[in-house]
>>> print(open('final-v9.pdb').read())   # PDB, C-alpha atoms
ATOM      1  CA  VAL A   1     -24.115 -81.027  23.573
ATOM      2  CA  GLN A   2     -23.955 -83.795  21.006
ATOM      3  CA  LEU A   3     -21.340 -83.129  18.360
ATOM      4  CA  GLN A   4     -21.155 -84.891  15.065
ATOM      5  CA  ALA A   5     -18.104 -84.894  12.839
ATOM      6  CA  SER A   6     -18.467 -85.805   9.193
ATOM      7  CA  GLY A   7     -16.724 -85.508   5.868
ATOM      8  CA  GLY A   8     -13.990 -88.069   6.266
ATOM      9  CA  GLY A   9     -13.107 -90.508   3.554
ATOM     10  CA  GLN A  10     -10.353 -92.076   1.545
ATOM     11  CA  VAL A  11      -8.263 -89.784  -0.591
ATOM     12  CA  GLN A  12      -4.914 -89.833  -2.307
ATOM     13  CA  ALA A  13      -1.881 -87.957  -1.084
ATOM     14  CA  GLY A  14      -2.122 -84.355  -2.236
ATOM     15  CA  ASP A  15      -5.918 -84.308  -2.277
ATOM     16  CA  SER A  16      -8.227 -82.205  -0.135
ATOM     17  CA  LEU A  17     -11.066 -82.941   2.256
ATOM     18  CA  ARG A  18     -13.366 -80.767   4.290
ATOM     19  CA  LEU A  19     -14.556 -82.015   7.642
ATOM     20  CA  SER A  20     -17.658 -80.608   9.295
ATOM     21  CA  CYS A  21     -18.729 -80.494  12.908
ATOM     22  CA  THR A  22     -22.290 -79.768  13.949
ATOM     23  CA  ALA A  23     -24.229 -79.877  17.201
ATOM     24  CA  SER A  24     -27.689 -81.360  17.447
ATOM     25  CA  GLY A  25     -30.315 -78.699  17.921
ATOM     26  CA  ARG A  26     -28.046 -75.777  18.719
ATOM     27  CA  THR A  27     -25.528 -73.400  17.317
ATOM     28  CA  LEU A  28     -21.836 -73.452  18.085
ATOM     29  CA  SER A  29     -21.518 -69.733  18.629
ATOM     30  CA  GLY A  30     -20.971 -70.026  22.364
ATOM     31  CA  TYR A  31     -18.182 -72.564  22.203
ATOM     32  CA  GLY A  32     -14.506 -72.680  21.581
ATOM     33  CA  MET A  33     -13.904 -75.489  19.121
ATOM     34  CA  GLY A  34     -11.092 -77.902  18.526
ATOM     35  CA  TRP A  35     -10.063 -80.594  16.109
ATOM     36  CA  PHE A  36      -7.973 -83.510  17.252
ATOM     37  CA  ARG A  37      -6.890 -86.703  15.555
ATOM     38  CA  GLN A  38      -5.756 -90.149  16.548
ATOM     39  CA  ALA A  39      -3.901 -92.587  14.345
ATOM     40  CA  PRO A  40      -3.668 -96.299  15.157
ATOM     41  CA  GLY A  41      -1.193 -96.937  17.932
ATOM     42  CA  LYS A  42      -0.716 -93.259  18.629
ATOM     43  CA  GLU A  43      -2.053 -90.837  21.187
ATOM     44  CA  ARG A  44      -4.711 -88.325  20.329
ATOM     45  CA  GLU A  45      -3.078 -85.140  19.111
ATOM     46  CA  PHE A  46      -4.124 -81.552  18.647
ATOM     47  CA  VAL A  47      -4.786 -80.382  15.092
ATOM     48  CA  SER A  48      -6.487 -77.009  15.232
ATOM     49  CA  ALA A  49      -8.601 -74.797  17.460
ATOM     50  CA  LEU A  50     -10.941 -71.872  17.062
ATOM     51  CA  SER A  51     -11.748 -69.469  19.859
ATOM     52  CA  ARG A  52     -15.255 -68.162  20.390
ATOM     53  CA  ARG A  53     -14.169 -65.014  18.612
ATOM     54  CA  ASP A  54     -12.822 -67.137  15.772
ATOM     55  CA  TYR A  55      -9.128 -66.791  16.453
ATOM     56  CA  ALA A  56      -7.478 -69.880  15.011
ATOM     57  CA  TYR A  57      -4.412 -71.883  15.930
ATOM     58  CA  TYR A  58      -2.802 -74.859  14.243
ATOM     59  CA  ALA A  59      -0.404 -77.627  15.033
ATOM     60  CA  ASP A  60       2.923 -77.173  13.297
ATOM     61  CA  SER A  61       2.330 -80.307  11.266
ATOM     62  CA  VAL A  62      -0.761 -78.868   9.559
ATOM     63  CA  ARG A  63      -0.152 -75.124   9.559
ATOM     64  CA  GLY A  64      -0.384 -73.760   6.035
ATOM     65  CA  ARG A  65      -2.351 -76.769   4.803
ATOM     66  CA  PHE A  66      -5.397 -76.867   7.091
ATOM     67  CA  THR A  67      -7.899 -74.113   7.782
ATOM     68  CA  VAL A  68     -10.487 -74.067  10.549
ATOM     69  CA  SER A  69     -13.553 -71.880  10.232
ATOM     70  CA  ARG A  70     -17.064 -71.355  11.478
ATOM     71  CA  ASP A  71     -19.976 -70.609   9.168
ATOM     72  CA  ASN A  72     -21.901 -67.347   9.433
ATOM     73  CA  ALA A  73     -24.899 -69.062  10.996
ATOM     74  CA  LYS A  74     -22.571 -70.527  13.642
ATOM     75  CA  THR A  75     -24.040 -73.962  13.137
ATOM     76  CA  THR A  76     -21.026 -75.662  11.625
ATOM     77  CA  VAL A  77     -17.300 -75.648  12.185
ATOM     78  CA  TYR A  78     -15.153 -76.772   9.291
ATOM     79  CA  LEU A  79     -11.683 -78.136   8.924
ATOM     80  CA  GLN A  80     -10.478 -77.669   5.371
ATOM     81  CA  MET A  81      -7.574 -80.015   4.753
ATOM     82  CA  ASN A  82      -5.412 -79.487   1.692
ATOM     83  CA  SER A  83      -2.311 -81.234   0.426
ATOM     84  CA  LEU A  84      -3.042 -84.263   2.532
ATOM     85  CA  LYS A  85      -0.155 -86.493   3.491
ATOM     86  CA  HIS A  86       0.011 -90.083   4.655
ATOM     87  CA  ASP A  87       0.771 -88.814   8.151
ATOM     88  CA  ASP A  88      -2.604 -87.063   8.199
ATOM     89  CA  ALA A  89      -4.462 -90.373   8.160
ATOM     90  CA  ALA A  90      -6.356 -90.761  11.423
ATOM     91  CA  VAL A  91      -9.735 -90.562  13.059
ATOM     92  CA  TYR A  92     -10.570 -86.888  13.406
ATOM     93  CA  TYR A  93     -12.589 -85.615  16.337
ATOM     94  CA  CYS A  94     -14.228 -82.284  16.890
ATOM     95  CA  ALA A  95     -14.640 -80.949  20.384
ATOM     96  CA  ALA A  96     -16.330 -78.009  22.078
ATOM     97  CA  THR A  97     -15.511 -76.093  25.217
ATOM     98  CA  THR A  98     -17.294 -73.554  27.389
ATOM     99  CA  ASP A  99     -14.041 -72.591  29.097
ATOM    100  CA  ALA A 100     -13.979 -68.814  29.506
ATOM    101  CA  ALA A 101     -10.388 -68.783  28.269
ATOM    102  CA  ALA A 102     -11.686 -69.925  24.895
ATOM    103  CA  ILE A 103     -13.357 -66.593  24.244
ATOM    104  CA  ASP A 104     -10.120 -65.224  22.829
ATOM    105  CA  LEU A 105      -7.738 -68.171  23.000
ATOM    106  CA  PRO A 106      -7.815 -71.239  20.779
ATOM    107  CA  LEU A 107      -7.305 -74.029  23.319
ATOM    108  CA  ARG A 108      -4.870 -76.806  22.459
ATOM    109  CA  ARG A 109      -5.244 -79.209  25.358
ATOM    110  CA  ALA A 110      -7.751 -82.011  24.966
ATOM    111  CA  GLY A 111      -8.550 -81.708  28.657
ATOM    112  CA  SER A 112      -9.930 -78.225  28.060
ATOM    113  CA  TYR A 113     -12.834 -79.582  26.057
ATOM    114  CA  ASP A 114     -16.169 -80.589  27.513
ATOM    115  CA  TYR A 115     -17.857 -82.247  24.564
ATOM    116  CA  TRP A 116     -16.593 -84.574  21.871
ATOM    117  CA  GLY A 117     -17.941 -85.908  18.631
ATOM    118  CA  GLN A 118     -17.706 -89.511  17.564
ATOM    119  CA  GLY A 119     -14.914 -89.086  15.035
ATOM    120  CA  THR A 120     -14.632 -89.382  11.289
ATOM    121  CA  GLN A 121     -12.021 -91.490   9.527
ATOM    122  CA  VAL A 122      -9.555 -89.965   7.092
ATOM    123  CA  THR A 123      -7.500 -92.372   5.026
ATOM    124  CA  VAL A 124      -4.720 -91.191   2.742
ATOM    125  CA  SER A 125      -3.415 -93.565   0.118
ATOM    126  CA  SER A 126      -0.623 -93.332  -2.419
TER     127      SER A 126
END
>>> encode(input="final-v9.pdb", output="structure tokens")
Amino acid sequence: VQLQASGGGQVQAGDSLRLSCTASGRTLSGYGMGWFRQAPGKEREFVSALSRRDYAYYADSVRGRFTVSRDNAKTTVYLQMNSLKHDDAAVYYCAATTDAAAIDLPLRRAGSYDYWGQGTQVTVSS
């Protein structure tokens, strides 16, 4: 499965962005999905996850500001990011898992994911 994340860019603090994740030639209906991010000099960290049944979970740092969703056609997973802060600046990665636990559970560990996209850069300026 080849995932592609897009939608990153440079925004000002307080602005919004919507990231998208698609898979070449297939739908994402059979996968649990995750969003992770990595800032320079820091480890990759969990942002949000969506189970196959579309149960969502968020990191404390983004809860209430970010929303993960899957479109009705199950071809795209979105990460809507509102009220962006400087600390949100990072390369954002989407990931997919076939782990059976992901049917109902949004998985938070990076090691649970089988497939990763290439990342999209989010820059937040003053």
>>> residues_around(input="final-v9.pdb", residues="range 67-69 of chain A", least_positions_apart="2", cutoff="6 Å", atoms="all atoms listed in the file", output="short mmCIF file (atom, residue, chain, number, x, y, z; two decimals) with C-alpha atoms, in the coordinates of the input")
data_model
loop_
_atom_site.label_atom_id
_atom_site.label_comp_id
_atom_site.auth_asym_id
_atom_site.auth_seq_id
_atom_site.Cartn_x
_atom_site.Cartn_y
_atom_site.Cartn_z
CA VAL A 77 -17.30 -75.65 12.18
CA TYR A 78 -15.15 -76.77 9.29
CA LEU A 79 -11.68 -78.14 8.92
CA GLN A 80 -10.48 -77.67 5.37
#
>>> resolve_selection(input="final-v9.pdb", expression="the PyMOL selection byres ((chain A and resi 126) around 10)", output="PyMOL selection string")
chain A and resi 11-14+85-86+124-125
>>> write_last_selection(input="final-v9.pdb", atoms="C-alpha atoms", output="mmCIF file, in the coordinates of the input")
data_model
loop_
_atom_site.group_PDB
_atom_site.id
_atom_site.type_symbol
_atom_site.label_atom_id
_atom_site.label_comp_id
_atom_site.auth_asym_id
_atom_site.auth_seq_id
_atom_site.Cartn_x
_atom_site.Cartn_y
_atom_site.Cartn_z
ATOM 1 C CA VAL A 11 -8.263 -89.784 -0.591
ATOM 2 C CA GLN A 12 -4.914 -89.833 -2.307
ATOM 3 C CA ALA A 13 -1.881 -87.957 -1.084
ATOM 4 C CA GLY A 14 -2.122 -84.355 -2.236
ATOM 5 C CA LYS A 85 -0.155 -86.493 3.491
ATOM 6 C CA HIS A 86 0.011 -90.083 4.655
ATOM 7 C CA VAL A 124 -4.720 -91.191 2.742
ATOM 8 C CA SER A 125 -3.415 -93.565 0.118
#
>>> atom_distance(input="final-v9.pdb", atom1="CA of Ser48 in chain A", atom2="CA of Asp104 in chain A")
14.5 Å
>>> closest_atom_pairs(input="final-v9.pdb", of="range 52-119 of chain A", to="range 18-32 of chain A", cutoff="8 Å", atoms="all atoms listed in the file", output="CSV")
residue,atom,partner,partner_atom,distance
A:Arg52,CA,A:Gly32,CA,4.7
A:Ala73,CA,A:Thr27,CA,7.7
A:Lys74,CA,A:Ser29,CA,5.2
A:Thr75,CA,A:Thr27,CA,4.5
A:Thr76,CA,A:Thr22,CA,4.9
A:Val77,CA,A:Cys21,CA,5.1
A:Tyr78,CA,A:Ser20,CA,4.6
A:Leu79,CA,A:Leu19,CA,5.0
A:Gln80,CA,A:Arg18,CA,4.4
A:Met81,CA,A:Arg18,CA,5.9
A:Cys94,CA,A:Cys21,CA,6.3
A:Ala96,CA,A:Gly32,CA,5.7
A:Thr97,CA,A:Gly32,CA,5.1
A:Thr98,CA,A:Tyr31,CA,5.4
A:Asp99,CA,A:Gly32,CA,7.5
A:Ala102,CA,A:Gly32,CA,5.2
A:Ile103,CA,A:Gly32,CA,6.7
A:Pro106,CA,A:Gly32,CA,6.9
A:Leu107,CA,A:Gly32,CA,7.5
A:Gly117,CA,A:Cys21,CA,7.9
>>> atom_distance(input="final-v9.pdb", atom1="CA of Gln10 in chain A", atom2="CA of Arg70 in chain A")
23.9 Å
>>> decode(input="final-v9.pdb", residues="range 9-55 of chain A", atoms="N, CA and C atoms", output="PDB file, in the first residue's frame")
ATOM      1  N   GLY A   9       1.768  22.989   4.575  1.00  0.00           N
ATOM      2  CA  GLY A   9       2.124  24.304   4.081  1.00  0.00           C
ATOM      3  C   GLY A   9       2.583  25.187   5.210  1.00  0.00           C
ATOM      4  N   GLN A  10       2.741  26.449   4.890  1.00  0.00           N
ATOM      5  CA  GLN A  10       3.142  27.422   5.901  1.00  0.00           C
ATOM      6  C   GLN A  10       1.944  28.272   6.260  1.00  0.00           C
ATOM      7  N   VAL A  11       1.657  28.329   7.538  1.00  0.00           N
ATOM      8  CA  VAL A  11       0.526  29.106   8.024  1.00  0.00           C
ATOM      9  C   VAL A  11       0.973  29.924   9.230  1.00  0.00           C
ATOM     10  N   GLN A  12       0.104  30.832   9.633  1.00  0.00           N
ATOM     11  CA  GLN A  12       0.382  31.596  10.843  1.00  0.00           C
ATOM     12  C   GLN A  12      -0.293  30.929  12.036  1.00  0.00           C
ATOM     13  N   ALA A  13       0.241  31.210  13.201  1.00  0.00           N
ATOM     14  CA  ALA A  13      -0.360  30.693  14.427  1.00  0.00           C
ATOM     15  C   ALA A  13      -1.829  31.103  14.481  1.00  0.00           C
ATOM     16  N   GLY A  14      -2.679  30.136  14.807  1.00  0.00           N
ATOM     17  CA  GLY A  14      -4.111  30.382  14.861  1.00  0.00           C
ATOM     18  C   GLY A  14      -4.857  29.965  13.607  1.00  0.00           C
ATOM     19  N   ASP A  15      -4.124  29.741  12.531  1.00  0.00           N
ATOM     20  CA  ASP A  15      -4.743  29.337  11.267  1.00  0.00           C
ATOM     21  C   ASP A  15      -5.094  27.850  11.281  1.00  0.00           C
ATOM     22  N   SER A  16      -5.717  27.427  10.183  1.00  0.00           N
ATOM     23  CA  SER A  16      -6.122  26.036  10.027  1.00  0.00           C
ATOM     24  C   SER A  16      -5.502  25.435   8.768  1.00  0.00           C
ATOM     25  N   LEU A  17      -5.347  24.133   8.791  1.00  0.00           N
ATOM     26  CA  LEU A  17      -4.919  23.364   7.632  1.00  0.00           C
ATOM     27  C   LEU A  17      -5.654  22.037   7.648  1.00  0.00           C
ATOM     28  N   ARG A  18      -5.856  21.475   6.481  1.00  0.00           N
ATOM     29  CA  ARG A  18      -6.406  20.136   6.397  1.00  0.00           C
ATOM     30  C   ARG A  18      -5.454  19.245   5.622  1.00  0.00           C
ATOM     31  N   LEU A  19      -4.967  18.232   6.280  1.00  0.00           N
ATOM     32  CA  LEU A  19      -4.105  17.250   5.631  1.00  0.00           C
ATOM     33  C   LEU A  19      -4.956  16.116   5.086  1.00  0.00           C
ATOM     34  N   SER A  20      -4.486  15.526   3.988  1.00  0.00           N
ATOM     35  CA  SER A  20      -5.174  14.408   3.370  1.00  0.00           C
ATOM     36  C   SER A  20      -4.214  13.241   3.228  1.00  0.00           C
ATOM     37  N   CYS A  21      -4.760  12.062   3.303  1.00  0.00           N
ATOM     38  CA  CYS A  21      -3.979  10.843   3.105  1.00  0.00           C
ATOM     39  C   CYS A  21      -4.754   9.941   2.159  1.00  0.00           C
ATOM     40  N   THR A  22      -4.130   9.558   1.077  1.00  0.00           N
ATOM     41  CA  THR A  22      -4.750   8.658   0.118  1.00  0.00           C
ATOM     42  C   THR A  22      -3.821   7.478  -0.152  1.00  0.00           C
ATOM     43  N   ALA A  23      -4.401   6.431  -0.717  1.00  0.00           N
ATOM     44  CA  ALA A  23      -3.630   5.249  -1.097  1.00  0.00           C
ATOM     45  C   ALA A  23      -3.780   5.040  -2.599  1.00  0.00           C
ATOM     46  N   SER A  24      -2.690   4.768  -3.241  1.00  0.00           N
ATOM     47  CA  SER A  24      -2.713   4.583  -4.696  1.00  0.00           C
ATOM     48  C   SER A  24      -3.533   3.365  -5.073  1.00  0.00           C
ATOM     49  N   GLY A  25      -4.585   3.585  -5.843  1.00  0.00           N
ATOM     50  CA  GLY A  25      -5.319   2.484  -6.430  1.00  0.00           C
ATOM     51  C   GLY A  25      -6.191   1.666  -5.509  1.00  0.00           C
ATOM     52  N   ARG A  26      -6.437   2.161  -4.293  1.00  0.00           N
ATOM     53  CA  ARG A  26      -7.291   1.377  -3.395  1.00  0.00           C
ATOM     54  C   ARG A  26      -7.967   2.291  -2.393  1.00  0.00           C
ATOM     55  N   THR A  27      -8.963   1.740  -1.755  1.00  0.00           N
ATOM     56  CA  THR A  27      -9.622   2.496  -0.699  1.00  0.00           C
ATOM     57  C   THR A  27      -8.918   2.226   0.632  1.00  0.00           C
ATOM     58  N   LEU A  28      -9.285   3.008   1.605  1.00  0.00           N
ATOM     59  CA  LEU A  28      -8.709   2.864   2.941  1.00  0.00           C
ATOM     60  C   LEU A  28      -9.704   2.269   3.926  1.00  0.00           C
ATOM     61  N   SER A  29     -10.747   1.654   3.403  1.00  0.00           N
ATOM     62  CA  SER A  29     -11.796   1.156   4.273  1.00  0.00           C
ATOM     63  C   SER A  29     -11.344  -0.004   5.153  1.00  0.00           C
ATOM     64  N   GLY A  30     -10.365  -0.745   4.710  1.00  0.00           N
ATOM     65  CA  GLY A  30      -9.940  -1.920   5.466  1.00  0.00           C
ATOM     66  C   GLY A  30      -8.772  -1.676   6.391  1.00  0.00           C
ATOM     67  N   TYR A  31      -8.473  -0.425   6.666  1.00  0.00           N
ATOM     68  CA  TYR A  31      -7.295  -0.099   7.448  1.00  0.00           C
ATOM     69  C   TYR A  31      -7.621   0.791   8.632  1.00  0.00           C
ATOM     70  N   GLY A  32      -6.946   0.519   9.754  1.00  0.00           N
ATOM     71  CA  GLY A  32      -6.888   1.529  10.780  1.00  0.00           C
ATOM     72  C   GLY A  32      -5.863   2.561  10.350  1.00  0.00           C
ATOM     73  N   MET A  33      -6.116   3.809  10.645  1.00  0.00           N
ATOM     74  CA  MET A  33      -5.257   4.885  10.162  1.00  0.00           C
ATOM     75  C   MET A  33      -4.693   5.685  11.323  1.00  0.00           C
ATOM     76  N   GLY A  34      -3.510   6.227  11.087  1.00  0.00           N
ATOM     77  CA  GLY A  34      -2.896   7.057  12.110  1.00  0.00           C
ATOM     78  C   GLY A  34      -2.192   8.248  11.495  1.00  0.00           C
ATOM     79  N   TRP A  35      -2.088   9.282  12.281  1.00  0.00           N
ATOM     80  CA  TRP A  35      -1.289  10.452  11.936  1.00  0.00           C
ATOM     81  C   TRP A  35      -0.214  10.621  13.003  1.00  0.00           C
ATOM     82  N   PHE A  36       0.974  10.812  12.547  1.00  0.00           N
ATOM     83  CA  PHE A  36       2.119  11.047  13.422  1.00  0.00           C
ATOM     84  C   PHE A  36       2.855  12.282  12.908  1.00  0.00           C
ATOM     85  N   ARG A  37       3.696  12.840  13.748  1.00  0.00           N
ATOM     86  CA  ARG A  37       4.478  13.993  13.317  1.00  0.00           C
ATOM     87  C   ARG A  37       5.871  13.922  13.926  1.00  0.00           C
ATOM     88  N   GLN A  38       6.785  14.583  13.242  1.00  0.00           N
ATOM     89  CA  GLN A  38       8.158  14.641  13.736  1.00  0.00           C
ATOM     90  C   GLN A  38       8.720  16.024  13.469  1.00  0.00           C
ATOM     91  N   ALA A  39       9.108  16.677  14.535  1.00  0.00           N
ATOM     92  CA  ALA A  39       9.747  17.988  14.450  1.00  0.00           C
ATOM     93  C   ALA A  39      11.257  17.806  14.449  1.00  0.00           C
ATOM     94  N   PRO A  40      11.995  18.759  13.942  1.00  0.00           N
ATOM     95  CA  PRO A  40      13.460  18.638  13.914  1.00  0.00           C
ATOM     96  C   PRO A  40      14.030  18.391  15.298  1.00  0.00           C
ATOM     97  N   GLY A  41      14.874  17.384  15.396  1.00  0.00           N
ATOM     98  CA  GLY A  41      15.530  17.081  16.656  1.00  0.00           C
ATOM     99  C   GLY A  41      14.676  16.338  17.656  1.00  0.00           C
ATOM    100  N   LYS A  42      13.463  15.996  17.246  1.00  0.00           N
ATOM    101  CA  LYS A  42      12.564  15.295  18.159  1.00  0.00           C
ATOM    102  C   LYS A  42      12.167  13.942  17.581  1.00  0.00           C
ATOM    103  N   GLU A  43      11.677  13.084  18.453  1.00  0.00           N
ATOM    104  CA  GLU A  43      11.212  11.782  18.004  1.00  0.00           C
ATOM    105  C   GLU A  43       9.828  11.913  17.360  1.00  0.00           C
ATOM    106  N   ARG A  44       9.524  10.951  16.528  1.00  0.00           N
ATOM    107  CA  ARG A  44       8.198  10.915  15.936  1.00  0.00           C
ATOM    108  C   ARG A  44       7.163  10.705  17.040  1.00  0.00           C
ATOM    109  N   GLU A  45       6.079  11.454  16.989  1.00  0.00           N
ATOM    110  CA  GLU A  45       5.078  11.337  18.030  1.00  0.00           C
ATOM    111  C   GLU A  45       3.692  11.115  17.438  1.00  0.00           C
ATOM    112  N   PHE A  46       2.873  10.466  18.213  1.00  0.00           N
ATOM    113  CA  PHE A  46       1.497  10.191  17.835  1.00  0.00           C
ATOM    114  C   PHE A  46       0.683  11.480  17.851  1.00  0.00           C
ATOM    115  N   VAL A  47      -0.195  11.618  16.851  1.00  0.00           N
ATOM    116  CA  VAL A  47      -1.096  12.766  16.786  1.00  0.00           C
ATOM    117  C   VAL A  47      -2.550  12.320  16.917  1.00  0.00           C
ATOM    118  N   SER A  48      -2.947  11.394  16.052  1.00  0.00           N
ATOM    119  CA  SER A  48      -4.339  10.974  16.038  1.00  0.00           C
ATOM    120  C   SER A  48      -4.451   9.631  15.340  1.00  0.00           C
ATOM    121  N   ALA A  49      -5.520   8.896  15.664  1.00  0.00           N
ATOM    122  CA  ALA A  49      -5.753   7.610  15.028  1.00  0.00           C
ATOM    123  C   ALA A  49      -7.237   7.399  14.814  1.00  0.00           C
ATOM    124  N   LEU A  50      -7.526   6.589  13.820  1.00  0.00           N
ATOM    125  CA  LEU A  50      -8.905   6.277  13.455  1.00  0.00           C
ATOM    126  C   LEU A  50      -9.005   4.774  13.254  1.00  0.00           C
ATOM    127  N   SER A  51      -9.892   4.143  14.010  1.00  0.00           N
ATOM    128  CA  SER A  51     -10.064   2.707  13.846  1.00  0.00           C
ATOM    129  C   SER A  51     -10.793   2.418  12.531  1.00  0.00           C
ATOM    130  N   ARG A  52     -10.862   1.142  12.191  1.00  0.00           N
ATOM    131  CA  ARG A  52     -11.558   0.787  10.951  1.00  0.00           C
ATOM    132  C   ARG A  52     -13.033   1.130  11.032  1.00  0.00           C
ATOM    133  N   ARG A  53     -13.557   1.159  12.235  1.00  0.00           N
ATOM    134  CA  ARG A  53     -14.953   1.568  12.406  1.00  0.00           C
ATOM    135  C   ARG A  53     -15.079   3.045  12.722  1.00  0.00           C
ATOM    136  N   ASP A  54     -13.992   3.770  12.477  1.00  0.00           N
ATOM    137  CA  ASP A  54     -13.982   5.230  12.588  1.00  0.00           C
ATOM    138  C   ASP A  54     -14.125   5.755  14.005  1.00  0.00           C
ATOM    139  N   TYR A  55     -13.620   4.974  14.975  1.00  0.00           N
ATOM    140  CA  TYR A  55     -13.462   5.536  16.312  1.00  0.00           C
ATOM    141  C   TYR A  55     -12.149   6.304  16.323  1.00  0.00           C
TER     142      TYR A  55
END
